[in-house]
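S.K.: Input file: start.txt. Contents: compact mmCIF, C-alpha atoms.
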# COMPACT_ATOMS: atom_id res chain seq x y z
CA MET A 181 0.00 0.00 0.00
CA ASN A 182 1.42 3.37 -0.99
CA VAL A 183 0.00 6.16 1.16
CA ALA A 184 2.03 8.99 -0.44
CA SER A 185 0.46 8.50 -3.85
CA THR A 186 -3.02 9.18 -2.49
CA THR A 187 -2.30 12.32 -0.42
CA ASP A 188 -4.48 14.45 -2.73
CA ASP A 189 -7.42 12.52 -1.30
CA THR A 190 -7.47 14.32 2.05
CA GLU A 191 -10.18 12.25 3.59
CA TYR A 192 -8.25 9.08 2.95
CA ALA A 193 -5.00 10.65 4.17
CA ASP A 194 -6.59 11.69 7.49
CA ARG A 195 -7.97 8.29 8.13
CA SER A 196 -4.69 6.74 7.20
CA ALA A 197 -2.82 9.04 9.62
CA THR A 198 -4.96 8.08 12.58
CA ARG A 199 -4.83 4.44 11.71
CA GLN A 200 -1.19 3.94 10.94
CA SER A 201 0.78 7.23 10.96
CA PRO A 202 3.67 6.16 8.73
CA ARG A 203 5.90 9.08 9.74
CA ARG A 204 6.01 8.33 13.48
CA PRO A 205 9.45 9.44 14.70
CA ASP A 206 10.13 6.35 16.80
CA ARG A 207 9.17 3.51 14.56
CA ARG A 208 9.12 0.48 16.74
CA ARG A 209 10.93 -2.61 15.69
CA ARG A 210 8.47 -5.43 15.76
CA LEU A 211 9.81 -8.07 18.13
CA GLY A 212 8.38 -11.50 18.46
CA PRO A 213 7.14 -12.36 21.95
CA VAL A 214 10.16 -14.55 22.69
CA ALA A 215 12.62 -11.88 21.59
CA ALA A 216 10.76 -9.28 23.66
CA VAL A 217 10.97 -11.41 26.79
CA ILE A 218 14.69 -12.08 26.25
CA SER A 219 15.29 -8.39 25.64
CA VAL A 220 13.60 -7.39 28.92
CA PHE A 221 15.48 -10.14 30.76
CA GLY A 222 18.77 -8.88 29.36
CA GLU A 223 17.98 -5.34 30.44
CA LEU A 224 17.14 -6.59 33.92
CA LEU A 225 20.51 -8.36 34.10
CA ILE A 226 22.33 -5.20 33.06
CA THR A 227 20.35 -3.29 35.68
CA ALA A 228 21.29 -5.82 38.36
CA GLY A 229 24.95 -5.47 37.42
CA LEU A 230 24.76 -1.69 37.68
CA VAL A 231 23.00 -1.87 41.05
CA MET A 232 25.70 -4.21 42.39
CA GLY A 233 28.38 -1.86 41.11
CA LEU A 234 26.63 0.99 42.88
CA PHE A 235 26.51 -1.08 46.05
CA VAL A 236 30.30 -1.41 45.96
CA VAL A 237 30.57 2.36 45.52
CA TYR A 238 28.18 2.77 48.42
CA SER A 239 30.03 0.42 50.77
CA LEU A 240 33.57 1.47 50.01
CA TRP A 241 33.12 5.17 49.48
CA TRP A 242 29.80 6.66 50.54
CA THR A 243 29.66 4.98 53.97
CA ASN A 244 33.15 6.40 54.63
CA VAL A 245 31.95 9.88 53.76
CA LEU A 246 28.98 9.58 56.12
CA ALA A 247 30.97 7.93 58.90
CA ASP A 248 33.81 10.43 58.80
CA ARG A 249 31.31 13.25 58.91
CA ALA A 250 29.58 11.74 61.95
CA ALA A 251 32.87 10.91 63.69
CA ASP A 252 34.25 14.42 63.15
CA LYS A 253 31.14 15.91 64.67
CA GLU A 254 31.30 13.61 67.70
CA ALA A 255 35.04 14.22 68.12
CA ASP A 256 34.47 17.97 68.14
CA LYS A 257 31.84 17.51 70.84
CA VAL A 258 34.26 15.50 72.97
CA ARG A 259 37.10 17.99 72.56
CA ASP A 260 34.71 20.85 73.28
CA GLY A 261 33.45 19.07 76.34
CA TRP A 262 36.99 18.58 77.62
CA ALA A 263 37.91 22.18 76.98
CA HIS A 264 34.90 23.54 78.84
CA GLN A 265 34.70 21.05 81.66
CA ASP A 266 36.81 23.13 83.99
CA ASP A 267 35.32 26.55 83.40
CA GLY A 268 31.86 25.32 84.31
CA SER A 269 30.23 28.73 84.40
CA ARG A 270 30.02 29.26 80.66
CA ARG A 271 28.69 25.84 79.94
CA PRO A 272 24.95 25.20 80.07
CA PRO A 273 24.16 22.15 82.20
CA GLU A 274 22.50 20.29 79.34
CA PHE A 275 25.63 20.64 77.21
CA ASP A 276 26.02 17.49 75.17
CA SER A 277 29.62 16.37 75.21
CA GLY A 278 28.91 13.37 73.04
CA ALA A 279 29.31 9.66 73.62
CA GLY A 280 33.05 9.48 73.04
CA ILE A 281 35.35 8.58 75.92
CA GLY A 282 38.67 9.32 74.25
CA PHE A 283 40.85 8.94 71.20
CA LEU A 284 42.97 6.12 69.93
CA HIS A 285 46.23 6.97 68.16
CA VAL A 286 47.98 4.21 66.26
CA PRO A 287 50.67 5.85 64.12
CA ALA A 288 51.55 2.56 62.42
CA MET A 289 47.99 2.14 61.19
CA SER A 290 46.57 5.58 60.58
CA LYS A 291 47.66 9.18 60.81
CA SER A 292 44.37 10.37 62.19
CA GLU A 293 42.92 9.82 65.62
CA ILE A 294 40.06 7.40 66.18
CA LEU A 295 37.23 8.31 68.51
CA VAL A 296 36.33 5.59 71.02
CA GLU A 297 32.74 5.03 72.12
CA LYS A 298 30.95 2.48 74.25
CA GLY A 299 29.57 -0.59 72.53
CA THR A 300 30.26 -2.55 69.38
CA THR A 301 26.86 -2.67 67.72
CA ALA A 302 26.65 -1.84 64.04
CA LYS A 303 24.85 1.39 64.84
CA ILE A 304 27.77 2.66 66.91
CA LEU A 305 30.61 1.38 64.71
CA ASN A 306 28.93 2.72 61.58
CA ASP A 307 29.58 6.25 62.81
CA GLY A 308 33.27 5.82 62.08
CA VAL A 309 34.43 5.14 65.61
CA ALA A 310 36.10 2.31 67.47
CA GLY A 311 33.85 0.74 70.08
CA TYR A 312 34.88 -1.00 73.28
CA TYR A 313 33.23 -4.32 73.98
CA THR A 314 30.37 -4.59 76.42
CA ASP A 315 29.22 -7.94 75.06
CA PRO A 316 30.10 -10.85 75.06
CA VAL A 317 33.04 -9.78 77.25
CA LYS A 318 33.08 -6.51 79.09
CA ALA A 319 36.13 -4.40 78.39
CA THR A 320 38.10 -2.96 81.29
CA LEU A 321 38.59 0.73 80.69
CA PRO A 322 42.12 2.03 81.23
CA THR A 323 40.63 4.90 83.21
CA SER A 324 39.41 2.44 85.83
CA ASP A 325 43.06 1.77 86.81
CA LYS A 326 42.21 -1.91 87.18
CA LYS A 327 43.94 -4.85 85.56
CA GLY A 328 42.08 -6.17 82.58
CA ASN A 329 41.66 -5.99 78.85
CA PHE A 330 40.59 -2.87 76.97
CA SER A 331 39.05 -4.61 73.94
CA LEU A 332 38.03 -2.60 70.91
CA ALA A 333 36.48 -3.21 67.49
CA ALA A 334 36.18 -1.05 64.38
CA HIS A 335 35.46 -1.43 60.68
CA ARG A 336 38.10 -2.68 58.27
CA ASP A 337 36.25 -1.34 55.20
CA GLY A 338 33.50 1.17 54.79
CA HIS A 339 31.90 3.18 57.58
CA GLY A 340 35.13 5.07 58.16
CA ALA A 341 37.34 1.96 57.79
CA LYS A 342 39.16 2.99 60.93
CA PHE A 343 41.11 -0.27 61.28
CA HIS A 344 41.73 -0.68 57.55
CA ASN A 345 45.50 -0.83 57.88
CA ILE A 346 45.59 -3.05 60.96
CA HIS A 347 47.97 -5.39 59.13
CA LYS A 348 50.61 -2.66 59.17
CA ILE A 349 50.89 -2.83 62.95
CA ALA A 350 53.97 -4.77 64.01
CA LYS A 351 55.26 -5.94 67.37
CA GLY A 352 56.72 -3.04 69.31
CA ASP A 353 54.52 -0.39 67.71
CA PRO A 354 52.83 2.04 70.09
CA ILE A 355 49.08 2.35 70.61
CA VAL A 356 48.15 5.47 72.53
CA PHE A 357 44.79 6.10 74.13
CA GLU A 358 44.06 9.72 74.93
CA THR A 359 41.55 10.82 77.54
CA LYS A 360 40.83 14.23 78.99
CA ASP A 361 43.83 14.20 81.28
CA LYS A 362 45.90 11.08 80.58
CA TRP A 363 47.86 9.50 77.78
CA TYR A 364 47.85 5.70 78.06
CA VAL A 365 50.79 4.38 76.08
CA TYR A 366 50.56 0.73 75.06
CA LYS A 367 53.08 -1.35 73.17
CA VAL A 368 52.03 -4.08 70.75
CA TYR A 369 53.42 -7.46 71.84
CA SER A 370 51.40 -9.95 69.80
CA VAL A 371 49.40 -10.17 66.57
CA LEU A 372 46.96 -12.88 65.54
CA PRO A 373 46.38 -12.48 61.79
CA GLU A 374 43.45 -14.85 61.56
CA THR A 375 41.04 -16.40 64.01
CA SER A 376 37.46 -17.60 64.06
CA LYS A 377 34.81 -14.97 64.53
CA TYR A 378 33.50 -17.01 67.46
CA ASN A 379 36.81 -16.87 69.28
CA VAL A 380 35.83 -14.63 72.18
CA GLN A 381 38.83 -15.84 74.21
CA VAL A 382 40.89 -13.14 72.52
CA LEU A 383 38.94 -10.56 74.51
CA GLY A 384 39.60 -12.22 77.86
CA ASP A 385 41.13 -10.32 80.78
CA VAL A 386 44.22 -12.48 80.29
CA PRO A 387 44.30 -13.28 76.56
CA LYS A 388 46.09 -16.63 76.58
CA GLU A 389 46.59 -16.80 72.82
CA SER A 390 48.74 -13.71 73.02
CA GLY A 391 51.11 -15.61 75.31
CA LYS A 392 50.15 -13.91 78.55
CA THR A 393 49.38 -15.91 81.66
CA LYS A 394 49.19 -13.19 84.28
CA ALA A 395 46.72 -10.38 84.71
CA GLY A 396 47.91 -7.07 83.39
CA ARG A 397 46.67 -4.00 81.63
CA TYR A 398 46.15 -5.00 78.04
CA ILE A 399 44.56 -3.52 74.95
CA THR A 400 43.00 -5.62 72.16
CA LEU A 401 42.07 -4.39 68.70
CA THR A 402 39.77 -6.61 66.66
CA THR A 403 38.46 -6.23 63.12
CA CYS A 404 37.55 -8.42 60.19
CA THR A 405 39.94 -10.09 57.78
CA PRO A 406 40.75 -10.69 54.92
CA VAL A 407 40.16 -7.18 53.70
CA TYR A 408 36.69 -6.60 52.09
CA THR A 409 35.21 -9.69 53.74
CA SER A 410 34.38 -10.71 57.26
CA ARG A 411 35.29 -14.34 57.20
CA TYR A 412 37.84 -14.20 60.03
CA ARG A 413 38.99 -11.82 62.71
CA TYR A 414 42.32 -10.04 63.00
CA VAL A 415 43.56 -9.37 66.51
CA VAL A 416 46.32 -7.12 67.84
CA TRP A 417 47.34 -7.11 71.51
CA GLY A 418 49.25 -4.47 73.40
CA GLU A 419 50.32 -3.98 76.98
CA LEU A 420 50.31 -0.75 78.95
CA GLU A 421 53.76 0.68 79.20
CA ARG A 422 53.19 3.92 81.03
CA VAL A 423 50.64 6.61 81.72
CA GLU A 424 51.45 10.25 81.09
CA LYS A 425 49.60 13.26 82.37
CA VAL A 426 48.21 15.61 79.74
CA ASP A 427 49.86 19.02 80.06
CA GLU A 428 48.49 22.48 79.27
CA GLN A 429 49.32 22.31 75.56
CA ARG A 430 48.22 18.67 75.27
CA THR A 431 51.74 17.79 74.14
CA PRO A 432 51.50 14.27 72.77
CA PRO A 433 53.81 11.57 74.16
CA GLU A 434 57.02 11.01 72.21
CA GLU A 435 55.55 8.02 70.33
CA LEU A 436 53.18 10.35 68.49
CA ARG A 437 55.68 13.05 67.63
CA MET B 28 12.03 -1.98 29.03
CA TYR B 29 14.27 1.10 28.77
CA GLY B 30 13.07 1.55 25.19
CA TRP B 31 9.50 1.55 26.44
CA ILE B 32 10.32 4.20 29.07
CA TRP B 33 12.11 6.33 26.46
CA ARG B 34 9.12 6.20 24.12
CA HIS B 35 6.77 7.22 26.89
CA LEU B 36 8.74 10.25 28.06
CA PRO B 37 7.31 13.52 26.75
CA GLY B 38 9.09 16.07 24.61
CA ASN B 39 11.97 15.93 22.18
CA ALA B 40 15.21 14.00 22.57
CA TRP B 41 16.86 16.68 24.76
CA LEU B 42 13.95 16.84 27.15
CA LYS B 43 13.82 13.06 27.26
CA ALA B 44 17.52 12.89 28.05
CA LEU B 45 17.08 15.46 30.82
CA ILE B 46 14.15 13.60 32.35
CA SER B 47 16.09 10.33 32.09
CA LEU B 48 18.99 11.87 33.98
CA VAL B 49 16.67 13.09 36.73
CA LEU B 50 15.09 9.64 36.92
CA VAL B 51 18.50 7.94 37.16
CA MET B 52 19.54 10.31 39.93
CA ALA B 53 16.31 9.67 41.79
CA VAL B 54 16.91 5.92 41.58
CA VAL B 55 20.50 6.30 42.85
CA TYR B 56 19.27 8.51 45.69
CA VAL B 57 16.69 5.94 46.76
CA LEU B 58 19.27 3.15 46.54
CA PHE B 59 21.90 5.00 48.60
CA ASN B 60 19.49 6.28 51.23
CA TYR B 61 17.05 3.46 51.70
CA VAL B 62 17.85 0.25 49.85
CA PHE B 63 21.58 -0.17 50.53
CA PRO B 64 21.44 0.74 54.23
CA TRP B 65 18.69 -1.83 54.57
CA ALA B 66 20.51 -4.51 52.59
CA GLU B 67 23.94 -4.05 54.12
CA PRO B 68 23.44 -5.80 57.47
CA LEU B 69 21.93 -8.75 55.62
CA LEU B 70 25.13 -9.27 53.63
CA PRO B 71 28.22 -10.84 55.19
CA PHE B 72 30.78 -8.14 54.39
CA ASN B 73 31.07 -5.99 57.43
CA ASP B 74 30.88 -7.85 60.73
CA VAL B 75 33.93 -6.91 62.70
CA THR B 76 33.34 -8.13 66.23
CA VAL B 77 33.92 -11.52 67.76
CA ASP B 78 30.87 -12.97 69.42
CA ASN B 79 29.12 -16.11 70.44
CA GLN B 80 26.35 -16.16 67.87
Kindly return the structure encoded in the file as structure tokens.

M.R.:
Amino acid sequence: MNVASTTDDTEYADRSATRQSPRRPDRRRRLGPVAAVISVFGELLITAGLVMGLFVVYSLWWTNVLADRAADKEADKVRDGWAHQDDGSRRPPEFDSGAGIGFLHVPAMSKSEILVEKGTTAKILNDGVAGYYTDPVKATLPTSDKKGNFSLAAHRDGHGAKFHNIHKIAKGDPIVFETKDKWYVYKVYSVLPETSKYNVQVLGDVPKESGKTKAGRYITLTTCTPVYTSRYRYVVWGELERVEKVDEQRTPPEELR
Amino acid sequence: MYGWIWRHLPGNAWLKALISLVLVMAVVYVLFNYVFPWAEPLLPFNDVTVDNQ
């Protein structure tokens, strides 16, 4: 049928336009039903691939952005709280000094400080902090001056990835915990590169796997390993070497200089 | 599927491209803010603690 040859017959042309409209800009390729189904399936597969790619971007980049933002805010609150604790007059009583109890400095692992908060639930760790264990084993805080184990966990990847470079910590490296008025200087004495995620013994007051048999003042860092998975746990143990008083200028101990 | 969406967007090619971009950004926004945060704890990539469970 040749529509163009009959355009002088306007009535026919109008009817033809409504019925078939041969000059439609997007002329659809006629697909058979099987081809159409396969085509949609293929597009769904491509979409799934893109979504998974986006998920990787989300976990390895975006969660870090969010976590670092949250951690910076909390850290500022803690520092502010410390600075204003002594001149009580200017501080309103409901001043929120945040949930942080101090900062962890591990020069071998990361140049920046890591805020420490109570608890190791996902909600807490996702804010880009290290959490001290309250469950299944309760951590002994260094500020309590008691013998025990100050056990901490943080993310290896995503959500701030605060313990990302835990594998760079070697025996003898310092771990410093900073509170309002004390520097607690620990020295790494043992590393366990891989253990079961059910191995809660590593958090014990006297972590036997680290080689210790007597009670002391220990610190334990735990995170997941290998990198980008959480199949096993990586553990680093340190022992308290000395405690320094924080001076007026907050001069860091020599390990951090 | 995407062809069908393209054909059903209004306007010329430029407008369609613009609307497509907005739609893609809306989808990414929803994924990053609602879908991924929901899916993440269900996937075994980011448990860092040792525990009894």

S.K.: I need the residue nearest chain A from this list: B:Trp41, B:Phe59, B:Trp65, B:Trp33. Use all atoms listed in the file for the distance.

M.R.: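 Of all the options, B:Phe59 lies closest to chain A.
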
S.K.: Excluding segment 69-71 of chain B and any residue of its chain fewer than 3 positions from it, enumerate the residues within 9 Å of it, using all atoms listed in the file, and give them as a list of chain:residue names.

M.R.: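 After dropping sequence-adjacent residues, the list is A:Thr409, A:Ser410, A:Arg411, B:Trp65, B:Ala66, B:Asp74.
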
S.K.: Keeping C-alpha atoms for every residue in the selection just given, could you write it to a file as a PDB file, in the coordinates of the input?

M.R.:
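This went into out_37.pdb:
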ATOM      1  CA  THR A 409      35.210  -9.690  53.740  1.00  0.00           C
ATOM      2  CA  SER A 410      34.380 -10.710  57.260  1.00  0.00           C
ATOM      3  CA  ARG A 411      35.290 -14.340  57.200  1.00  0.00           C
TER       4      ARG A 411
ATOM      5  CA  TRP B  65      18.690  -1.830  54.570  1.00  0.00           C
ATOM      6  CA  ALA B  66      20.510  -4.510  52.590  1.00  0.00           C
ATOM      7  CA  ASP B  74      30.880  -7.850  60.730  1.00  0.00           C
TER       8      ASP B  74
END

S.K.: Taking 4 positions as the minimum chain separation for residues in the same chain, which residues sit within 10 Å of Pro64 of chain B when counting all atoms listed in the file? Answer as a PyMOL selection string.

M.R.: (chain A and resi 235+238-239+243) or (chain B and resi 58-60+68-69)

S.K.: I need the chosen residues saved as a compact mmCIF listing (two decimals), keeping the file's coordinate frame, with C-alpha atoms.

M.R.:
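Below is the file that was written, again.txt:
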# COMPACT_ATOMS: atom_id res chain seq x y z
CA PHE A 235 26.51 -1.08 46.05
CA TYR A 238 28.18 2.77 48.42
CA SER A 239 30.03 0.42 50.77
CA THR A 243 29.66 4.98 53.97
CA LEU B 58 19.27 3.15 46.54
CA PHE B 59 21.90 5.00 48.60
CA ASN B 60 19.49 6.28 51.23
CA PRO B 68 23.44 -5.80 57.47
CA LEU B 69 21.93 -8.75 55.62

S.K.: Can you tell me, as a VMD selection string, what residues are no more than 12 Å from segment 365-367 of chain A when counting all atoms listed in the file, ignoring any on the same chain fewer than 6 positions away?

M.R.: chain A and resid 283 to 288 322 329 to 330 349 to 359 396 to 401 416 to 425 432 to 436

S.K.: For chain A, report every residue with an atom at most 7 Å from chain B (counting only C-alpha atoms), formatted as a PyMOL selection string.

M.R.: chain A and resi 220+223+235+238+316+333-335+377-380+402-404+408-410

S.K.: Could you work out how far atom CA of Leu230 of chain A lies from atom CA of Val245 of chain A, giving the answer in Å with one decimal?

M.R.: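 Atom CA of Val245 of chain A sits 21.1 Å away from atom CA of Leu230 of chain A.
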
S.K.: In Å, how far is it from atom CA of Ile304 of chain A to atom CA of Ser376 of chain A?

M.R.: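 Calculated distance between atom CA of Ile304 of chain A and atom CA of Ser376 of chain A is 22.6 Å.
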
S.K.: I need the residue nearest Gly338 of chain A from this list: A:Val237, A:Thr314, A:Lys303, A:Gln429. Use all atoms listed in the file for the distance.

M.R.: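 With all atoms listed in the file as the atom set, the closest residue is A:Val237.
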
S.K.: Would you compute the distance between atom CA of Gly328 of chain A and atom CA of Ser290 of chain A? Give it in Å to one decimal.

M.R.: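 Atom-to-atom, atom CA of Gly328 of chain A and atom CA of Ser290 of chain A are spaced 25.3 Å apart.
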
S.K.: Could N, CA and C atoms be built for segment 235-260 of chain A and written out as an mmCIF file, in the frame of the given file?

M.R.:
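Produced file part.cif, reproduced below:
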data_model
loop_
_atom_site.group_PDB
_atom_site.id
_atom_site.type_symbol
_atom_site.label_atom_id
_atom_site.label_comp_id
_atom_site.auth_asym_id
_atom_site.auth_seq_id
_atom_site.Cartn_x
_atom_site.Cartn_y
_atom_site.Cartn_z
ATOM 1 N N PHE A 235 26.412 -0.638 44.657
ATOM 2 C CA PHE A 235 26.510 -1.080 46.050
ATOM 3 C C PHE A 235 27.971 -1.071 46.518
ATOM 4 N N VAL A 236 28.873 -1.457 45.622
ATOM 5 C CA VAL A 236 30.300 -1.410 45.960
ATOM 6 C C VAL A 236 30.716 0.038 46.210
ATOM 7 N N VAL A 237 30.268 0.939 45.326
ATOM 8 C CA VAL A 237 30.570 2.360 45.520
ATOM 9 C C VAL A 237 30.031 2.825 46.864
ATOM 10 N N TYR A 238 28.800 2.397 47.152
ATOM 11 C CA TYR A 238 28.180 2.770 48.420
ATOM 12 C C TYR A 238 28.998 2.271 49.602
ATOM 13 N N SER A 239 29.369 0.972 49.585
ATOM 14 C CA SER A 239 30.030 0.420 50.770
ATOM 15 C C SER A 239 31.444 0.928 50.953
ATOM 16 N N LEU A 240 32.160 1.135 49.850
ATOM 17 C CA LEU A 240 33.570 1.470 50.010
ATOM 18 C C LEU A 240 33.843 2.962 49.981
ATOM 19 N N TRP A 241 32.866 3.732 49.547
ATOM 20 C CA TRP A 241 33.120 5.170 49.480
ATOM 21 C C TRP A 241 32.075 5.970 50.280
ATOM 22 N N TRP A 242 30.815 5.803 49.945
ATOM 23 C CA TRP A 242 29.800 6.660 50.540
ATOM 24 C C TRP A 242 29.676 6.469 52.049
ATOM 25 N N THR A 243 29.749 5.207 52.526
ATOM 26 C CA THR A 243 29.660 4.980 53.970
ATOM 27 C C THR A 243 30.834 5.640 54.689
ATOM 28 N N ASN A 244 32.005 5.705 54.019
ATOM 29 C CA ASN A 244 33.150 6.400 54.630
ATOM 30 C C ASN A 244 32.871 7.886 54.761
ATOM 31 N N VAL A 245 32.261 8.453 53.718
ATOM 32 C CA VAL A 245 31.950 9.880 53.760
ATOM 33 C C VAL A 245 31.015 10.158 54.939
ATOM 34 N N LEU A 246 29.949 9.377 55.043
ATOM 35 C CA LEU A 246 28.980 9.580 56.120
ATOM 36 C C LEU A 246 29.615 9.367 57.488
ATOM 37 N N ALA A 247 30.395 8.273 57.605
ATOM 38 C CA ALA A 247 30.970 7.930 58.900
ATOM 39 C C ALA A 247 31.977 8.977 59.349
ATOM 40 N N ASP A 248 32.825 9.429 58.416
ATOM 41 C CA ASP A 248 33.810 10.430 58.800
ATOM 42 C C ASP A 248 33.141 11.728 59.235
ATOM 43 N N ARG A 249 32.059 12.055 58.546
ATOM 44 C CA ARG A 249 31.310 13.250 58.910
ATOM 45 C C ARG A 249 30.780 13.112 60.340
ATOM 46 N N ALA A 250 30.155 11.969 60.622
ATOM 47 C CA ALA A 250 29.580 11.740 61.950
ATOM 48 C C ALA A 250 30.675 11.718 63.013
ATOM 49 N N ALA A 251 31.803 11.038 62.703
ATOM 50 C CA ALA A 251 32.870 10.910 63.690
ATOM 51 C C ALA A 251 33.501 12.281 63.982
ATOM 52 N N ASP A 252 33.683 13.090 62.936
ATOM 53 C CA ASP A 252 34.250 14.420 63.150
ATOM 54 C C ASP A 252 33.379 15.257 64.073
ATOM 55 N N LYS A 253 32.075 15.143 63.858
ATOM 56 C CA LYS A 253 31.140 15.910 64.670
ATOM 57 C C LYS A 253 31.223 15.468 66.139
ATOM 58 N N GLU A 254 31.220 14.147 66.340
ATOM 59 C CA GLU A 254 31.300 13.610 67.700
ATOM 60 C C GLU A 254 32.630 13.998 68.354
ATOM 61 N N ALA A 255 33.717 13.899 67.571
ATOM 62 C CA ALA A 255 35.040 14.220 68.120
ATOM 63 C C ALA A 255 35.093 15.669 68.564
ATOM 64 N N ASP A 256 34.505 16.561 67.765
ATOM 65 C CA ASP A 256 34.470 17.970 68.140
ATOM 66 C C ASP A 256 33.728 18.158 69.455
ATOM 67 N N LYS A 257 32.619 17.423 69.599
ATOM 68 C CA LYS A 257 31.840 17.510 70.840
ATOM 69 C C LYS A 257 32.698 17.108 72.031
ATOM 70 N N VAL A 258 33.439 15.995 71.868
ATOM 71 C CA VAL A 258 34.260 15.500 72.970
ATOM 72 C C VAL A 258 35.334 16.524 73.329
ATOM 73 N N ARG A 259 36.038 17.009 72.310
ATOM 74 C CA ARG A 259 37.100 17.990 72.560
ATOM 75 C C ARG A 259 36.535 19.254 73.201
ATOM 76 N N ASP A 260 35.372 19.687 72.707
ATOM 77 C CA ASP A 260 34.710 20.850 73.280
ATOM 78 C C ASP A 260 34.367 20.618 74.737
#
